[in-house]
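Chemist: First, the structure itself, so that you have it in front of you.
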Number of protein chains: 2
Amino acid sequence: MNPRQTNAKAFKDSSKGIPEATVARLPVYLRALQGLKERGVETVSSEELAAAAGVNSAKLRKDLSHLGSYGTRGVGYEVEYLVYQISRELGLTQDWVVAIIGVGNLGRALAGYGGFASRGFRVAGLLDADASIVGERIAGLTVEHTDKLETIIKDQGVSIAVIATPAAAAQPVCDRVVAAGVTSVLNFAPVVLSVPEGVDVRKVDLSIELQILAFHEQRKAGGPHEEYIEVHP
Amino acid sequence: MNPRQTNAKAFKDSSKGIPEATVARLPVYLRALQGLKERGVETVSSEELAAAAGVNSAKLRKDLSHLGSYGTRGVGYEVEYLVYQISRELGLTQDWVVAIIGVGNLGRALAGYGGFASRGFRVAGLLDADASIVGERIAGLTVEHTDKLETIIKDQGVSIAVIATPAAAAQPVCDRVVAAGVTSVLNFAPVVLSVPEGVDVRKVDLSIELQILAFHEQRKAGGPHEEYIEVHP
DNA sequence: GCGACTTTGTGCGTTCGTTCACAATGGGGT
DNA sequence: ACCCCATTGTGAACGAACGCACAAAGTCGC
């Protein structure tokens with residue numbers, strides 16, 4: 001029932017096999033490599049790159065080995081070539097069209113974020129439900145009303161939607177973008193979105209991060225470890 | 001060689017034992033519970049709560065079991081009581097003082113974010129290196145110059161620093177806040193921060209999230225799976 | 001060419017996390 | 001007072017991820 005890859009050596013065996021944990025680290029490696037490239041470095045060892053990326057060198061090598069055998073023993077990895085391979089694996093050699101829905105402070109910050117344009121992501125639309133914002137120009141784009149959401153998604157070929165609306169609007173907006181054909185969503189609203197099978201959602205949540213930090217901070221300070229159990233009344 | 005907790009039944013066995021993966025989900029449960037509470041729900045089963053939080057119910061039960069035995073068999077969990085217990089475990093029953101360094105678009109968005117004040121986090125300072133921003137009032141606070149960073153951290157008792165500066169400034173700023181005594185950092189700049197042992201850093205990186213989405217999107221579309229290996233020249 | 005040296009790629013044991021499946025247990029109805 | 005039912009809490013099996021340690025494989029100097 002599982003038509004795994006048949007290990008035909010002439011083809012990359014990456015057909016299915018890159019672990020999620022590895023995928024999450026590839027962008028970090030990529031950024032480190034780009035930094036090295038700008039500084040004119042041509043070759044880097046797993047040890048050096050791992051240090052720059054903040055990971056263990058064995059992990060780095062294993063991660064890279066999932067993409068293929070791109071290193072040279074005794075030497076290391078050729079920076080430029082590795083940048084290309086990781087970019088290709090991540091799909092950054094093609095252009096991704098992004099729409100940002102919700103143009104509050106956060107939406108503006110995202111619209112102006114340099115990391116977009118720089119690496120294969122093109123913001124094709126800024127949308128908001130608030131009529132007093134519609135028409136405003138931000139980062140070279142005119143804010144459109146959310147009425148036009150479906151039109152813009154289809155006309156511009158948007159494949160990634162960034163939801164930066166208030167919590168209450170997020171699920172309805174999500175339903176609409178999904179209905180319009182978007183299959184990848186980046187959600188900044190503090191809600192759990194429910195989506196049909198086949199749609200990817202990633203969530204960025206400031207307040208969750210803070211709470212995790214608070215937990216550890218409390219631990220350092222002595223925390224609630226050794227207290228009597230308070231019996232449920 | 002493993003001095004595990006000695007299972008003294010009179011004490012909570014959470015002395016050390018909450019898995020990181022569980023900690024990361026507690027805030028999600030907490031938010032779901034608060035939603036239920038507002039809607040007047042008094043009791044909830046693991047099945048319902050798990051659905052609201054978007055996880056498997058067995059996982060939810062195991063997570064909660066790490067905090068103690070707060071459910072009632074045949075009934076479920078008392079919403080209000082569980083809210084309290086999770087809040088306490090996360091350290092939200094005390095106030096955490098936060099400083100935001102870098103008051104660009106992102107810093108402004110963070111300063112105005114409701115999730116702060118609402119749950120035990122108090123923003124005690126907005127700092128920026130740009131003199132033309134210093135003095136501006138945002139969300140009830142006056143922007144201070146980063147010269148005063150150490151003073152503010154110490155006078156206000158800041159324990160969590162949020163770094164929303166450009167990439168180049170992040171590491172120096174981080175070094176300063178750590179030197180001033182901060183042991184928890186939330187980093188929005190696209191760099192890997194290096195910190196001494198004992199300091200926690202969490203990273204929020206928009207462009208990494210987008211790249212992960214792009215990877216999966218590419219996979220859905222047929223991706224680079226079955227291409228010939230291009231031999232390294 | 002050859003040998004010493006460096007660094008990759010990976011097999012393996014370990015740890016961490018998830019899921020299943022069910023015994024334990026409290027509540028409520030009769 | 002007892003039994004039935006719903007739901008928790010958890011043992012155990014499974015799977016994913018990590019990191020060590022080393023053989024394989026290439027480079028560089030001579």
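In the structure tokens, the first chain shown is A, the next is B, and so on; residue numbers restart at 1 for each chain, and ligands run from 1 in the order shown.
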Write down as a list in words the residues of stretch 31-119 of chain A whose backbone DSSP state falls under strand (DSSP E or B).

Modeler: Thr43, Val44, Gly71, Thr72, Gly76, Tyr77, Glu78, Trp96, Val97, Val98, Ala99, Ile100 and Ile101 of chain A

Chemist: Compute the post-superposition RMSD of the C-alpha atoms of chain A relative to chain B, with atoms paired in order and the fit done by least squares.

Modeler: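 Fitting chain A to chain B over paired C-alpha atoms yields 0.6 Å.
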
Chemist: Which neighbours of stretch 12-18 of chain C fall inside 12 Å, counting only C-alpha atoms (C1' of nucleotides), when residues of the same chain fewer than 5 positions from it are skipped, and could you give them as a compact mmCIF listing (two decimals) with N, CA and C atoms (P, O5', C5', C4', C3', O3' and C1' of nucleotides), in the first residue's frame?

Modeler:
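File part27.txt, as written:
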```
# COMPACT_ATOMS: atom_id res chain seq x y z
N ILE B 18 8.11 18.46 33.24
CA ILE B 18 7.19 18.76 32.15
C ILE B 18 7.94 18.82 30.83
N PRO B 19 7.62 17.92 29.90
CA PRO B 19 8.32 17.89 28.63
C PRO B 19 8.14 19.21 27.88
N GLU B 20 9.16 19.57 27.16
CA GLU B 20 9.13 20.81 26.41
C GLU B 20 7.95 20.87 25.44
N ALA B 21 7.66 19.77 24.80
CA ALA B 21 6.57 19.74 23.84
C ALA B 21 5.25 20.05 24.53
N THR B 22 5.12 19.59 25.74
CA THR B 22 3.91 19.88 26.51
C THR B 22 3.83 21.36 26.87
N VAL B 55 -5.65 19.27 18.79
CA VAL B 55 -4.76 18.14 19.06
C VAL B 55 -5.56 16.88 19.34
N ASN B 56 -4.83 15.79 19.41
CA ASN B 56 -5.35 14.49 19.75
C ASN B 56 -5.71 14.44 21.25
N SER B 57 -6.82 13.78 21.58
CA SER B 57 -7.29 13.86 22.96
C SER B 57 -6.38 13.10 23.93
N ALA B 58 -5.76 12.03 23.47
CA ALA B 58 -4.85 11.31 24.35
C ALA B 58 -3.65 12.19 24.70
N LYS B 59 -3.20 12.93 23.71
CA LYS B 59 -2.08 13.83 23.95
C LYS B 59 -2.47 14.90 24.97
N LEU B 60 -3.65 15.43 24.80
CA LEU B 60 -4.12 16.44 25.74
C LEU B 60 -4.15 15.88 27.16
N LYS B 62 -2.51 13.38 28.41
CA LYS B 62 -1.17 13.15 28.94
C LYS B 62 -0.50 14.47 29.32
N ASP B 63 -0.69 15.46 28.49
CA ASP B 63 -0.12 16.78 28.82
C ASP B 63 -0.64 17.26 30.17
P DA D 13 4.90 -3.46 25.13
O5' DA D 13 4.62 -3.05 23.62
C5' DA D 13 3.28 -3.05 23.12
C4' DA D 13 3.20 -2.14 21.91
C3' DA D 13 4.39 -2.30 20.95
O3' DA D 13 3.90 -2.24 19.61
C1' DA D 13 4.24 -0.06 21.64
P DC D 14 4.84 -2.55 18.41
O5' DC D 14 5.02 -1.11 17.77
C5' DC D 14 3.85 -0.32 17.52
C4' DC D 14 4.26 1.11 17.28
C3' DC D 14 5.38 1.31 16.25
O3' DC D 14 4.83 2.02 15.16
C1' DC D 14 5.68 2.69 18.16
P DG D 15 5.63 2.05 13.76
O5' DG D 15 6.15 3.54 13.78
C5' DG D 15 5.29 4.59 14.22
C4' DG D 15 6.10 5.84 14.43
C3' DG D 15 7.27 6.02 13.45
O3' DG D 15 7.14 7.31 12.91
C1' DG D 15 8.03 6.27 15.67
P DA D 16 8.12 7.84 11.77
O5' DA D 16 8.74 9.12 12.48
C5' DA D 16 7.89 9.99 13.25
C4' DA D 16 8.78 10.96 13.99
C3' DA D 16 9.90 11.55 13.14
O3' DA D 16 9.98 12.92 13.44
C1' DA D 16 10.82 10.47 15.03
P DA D 17 11.01 13.87 12.67
O5' DA D 17 12.19 14.00 13.72
C5' DA D 17 11.89 14.45 15.02
C4' DA D 17 13.13 14.43 15.86
C3' DA D 17 14.38 14.99 15.18
O3' DA D 17 14.95 15.91 16.09
C1' DA D 17 14.84 12.90 16.14
P DC D 18 16.14 16.83 15.71
O5' DC D 18 17.28 16.33 16.70
C5' DC D 18 16.90 15.93 18.02
C4' DC D 18 18.06 15.25 18.71
C3' DC D 18 19.44 15.77 18.32
O3' DC D 18 20.09 16.14 19.52
C1' DC D 18 19.36 13.39 18.21
P DG D 19 21.40 17.02 19.49
O5' DG D 19 22.57 15.95 19.67
C5' DG D 19 22.51 15.05 20.76
C4' DG D 19 23.62 14.05 20.63
C3' DG D 19 24.94 14.62 20.10
O3' DG D 19 25.98 14.06 20.89
C1' DG D 19 24.26 12.81 18.77
P DC D 20 27.49 14.46 20.75
O5' DC D 20 28.15 13.01 20.83
C5' DC D 20 27.49 11.99 21.59
C4' DC D 20 28.02 10.63 21.21
C3' DC D 20 29.52 10.59 20.91
O3' DC D 20 30.05 9.42 21.50
C1' DC D 20 28.29 9.76 19.05
P DA D 21 31.62 9.25 21.78
O5' DA D 21 32.01 8.26 20.60
C5' DA D 21 31.14 7.18 20.29
C4' DA D 21 31.52 6.64 18.93
C3' DA D 21 33.01 6.78 18.58
O3' DA D 21 33.39 5.63 17.87
C1' DA D 21 31.75 7.78 16.91
P DC D 22 34.90 5.10 17.90
O5' DC D 22 34.99 4.51 16.43
C5' DC D 22 33.86 3.86 15.88
C4' DC D 22 33.82 4.03 14.37
C3' DC D 22 35.21 4.13 13.72
O3' DC D 22 35.20 3.40 12.50
C1' DC D 22 33.91 5.90 13.01
```

Chemist: Suppose you want the space between atom CA of A:Arg88 and atom CA of A:Ile163; what is it in Å?

Modeler: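 If I compute the distance from atom CA of A:Arg88 to atom CA of A:Ile163, I get 26.1 Å.
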
Chemist: Would you mind listing, as a list in words, all residues of chain C that have at least one atom within 12 Å of chain A, where only C-alpha atoms (C1' of nucleotides) are what counts?

Modeler: DC5, DT6, DT7, DT8, DG9 and DT10 of chain C

Chemist: Just write the chosen residues, C-alpha atoms (C1' of nucleotides), as a tab-separated table (two decimals), in the first residue's frame.

Modeler:
```tsv
chain	number	residue	atom	x	y	z
C	5	DC	C1'	45.36	14.40	7.36
C	6	DT	C1'	40.81	16.35	7.17
C	7	DT	C1'	36.10	16.12	6.83
C	8	DT	C1'	31.98	13.92	5.11
C	9	DG	C1'	28.21	10.56	5.40
C	10	DT	C1'	25.95	7.23	8.26
```

Chemist: As JSON, numbers by chain, please: every residue in stretch 39-132 of chain A that a backbone DSSP assignment puts in helix (DSSP H, G or I).

Modeler: {"A": [46, 47, 48, 49, 50, 51, 52, 53, 57, 58, 59, 60, 61, 62, 63, 64, 65, 79, 80, 81, 82, 83, 84, 85, 86, 87, 88, 89, 90, 105, 106, 107, 108, 109, 110, 111, 112, 114, 115, 116, 117, 118]}

Chemist: Hey, list the chain D side of the contact with chain B: 10 Å cut-off, only C-alpha atoms (C1' of nucleotides), answer as an mmCIF file with N, CA and C atoms (P, O5', C5', C4', C3', O3' and C1' of nucleotides), in the first residue's frame.

Modeler:
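The file below, iface_20.cif, is the result:
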```
data_model
loop_
_atom_site.group_PDB
_atom_site.id
_atom_site.type_symbol
_atom_site.label_atom_id
_atom_site.label_comp_id
_atom_site.auth_asym_id
_atom_site.auth_seq_id
_atom_site.Cartn_x
_atom_site.Cartn_y
_atom_site.Cartn_z
ATOM 1 P P DC D 5 -24.843 0.757 30.393
ATOM 2 O "O5'" DC D 5 -24.371 2.246 30.094
ATOM 3 C "C5'" DC D 5 -24.957 3.335 30.815
ATOM 4 C "C4'" DC D 5 -23.917 4.420 30.981
ATOM 5 C "C3'" DC D 5 -22.908 4.510 29.830
ATOM 6 O "O3'" DC D 5 -22.942 5.811 29.304
ATOM 7 C "C1'" DC D 5 -21.804 4.581 31.925
ATOM 8 P P DA D 6 -22.285 6.121 27.899
ATOM 9 O "O5'" DA D 6 -21.355 7.352 28.286
ATOM 10 C "C5'" DA D 6 -21.865 8.347 29.167
ATOM 11 C "C4'" DA D 6 -20.714 9.092 29.800
ATOM 12 C "C3'" DA D 6 -19.638 9.512 28.807
ATOM 13 O "O3'" DA D 6 -19.309 10.846 29.097
ATOM 14 C "C1'" DA D 6 -18.672 8.207 30.554
ATOM 15 P P DT D 7 -18.382 11.699 28.203
ATOM 16 O "O5'" DT D 7 -17.020 11.520 29.010
ATOM 17 C "C5'" DT D 7 -16.941 12.042 30.313
ATOM 18 C "C4'" DT D 7 -15.601 11.650 30.876
ATOM 19 C "C3'" DT D 7 -14.428 11.907 29.934
ATOM 20 O "O3'" DT D 7 -13.483 12.697 30.621
ATOM 21 C "C1'" DT D 7 -14.286 9.771 30.889
ATOM 22 P P DT D 8 -12.143 13.206 29.915
ATOM 23 O "O5'" DT D 8 -11.101 12.813 31.038
ATOM 24 C "C5'" DT D 8 -11.391 13.164 32.375
ATOM 25 C "C4'" DT D 8 -10.681 12.227 33.330
ATOM 26 C "C3'" DT D 8 -9.153 12.351 33.305
ATOM 27 O "O3'" DT D 8 -8.686 12.426 34.646
ATOM 28 C "C1'" DT D 8 -9.803 10.101 32.898
ATOM 29 P P DG D 9 -7.252 13.080 34.940
ATOM 30 O "O5'" DG D 9 -6.332 11.772 34.896
ATOM 31 C "C5'" DG D 9 -6.423 10.843 35.964
ATOM 32 C "C4'" DG D 9 -5.544 9.646 35.679
ATOM 33 C "C3'" DG D 9 -4.086 9.974 35.340
ATOM 34 O "O3'" DG D 9 -3.293 9.004 36.022
ATOM 35 C "C1'" DG D 9 -5.018 8.662 33.623
ATOM 36 P P DT D 10 -1.747 9.079 36.026
ATOM 37 O "O5'" DT D 10 -1.347 7.817 35.123
ATOM 38 C "C5'" DT D 10 -1.873 6.534 35.427
ATOM 39 C "C4'" DT D 10 -1.430 5.551 34.363
ATOM 40 C "C3'" DT D 10 0.013 5.729 33.870
ATOM 41 O "O3'" DT D 10 0.528 4.435 33.614
ATOM 42 C "C1'" DT D 10 -1.411 5.729 32.052
#
```
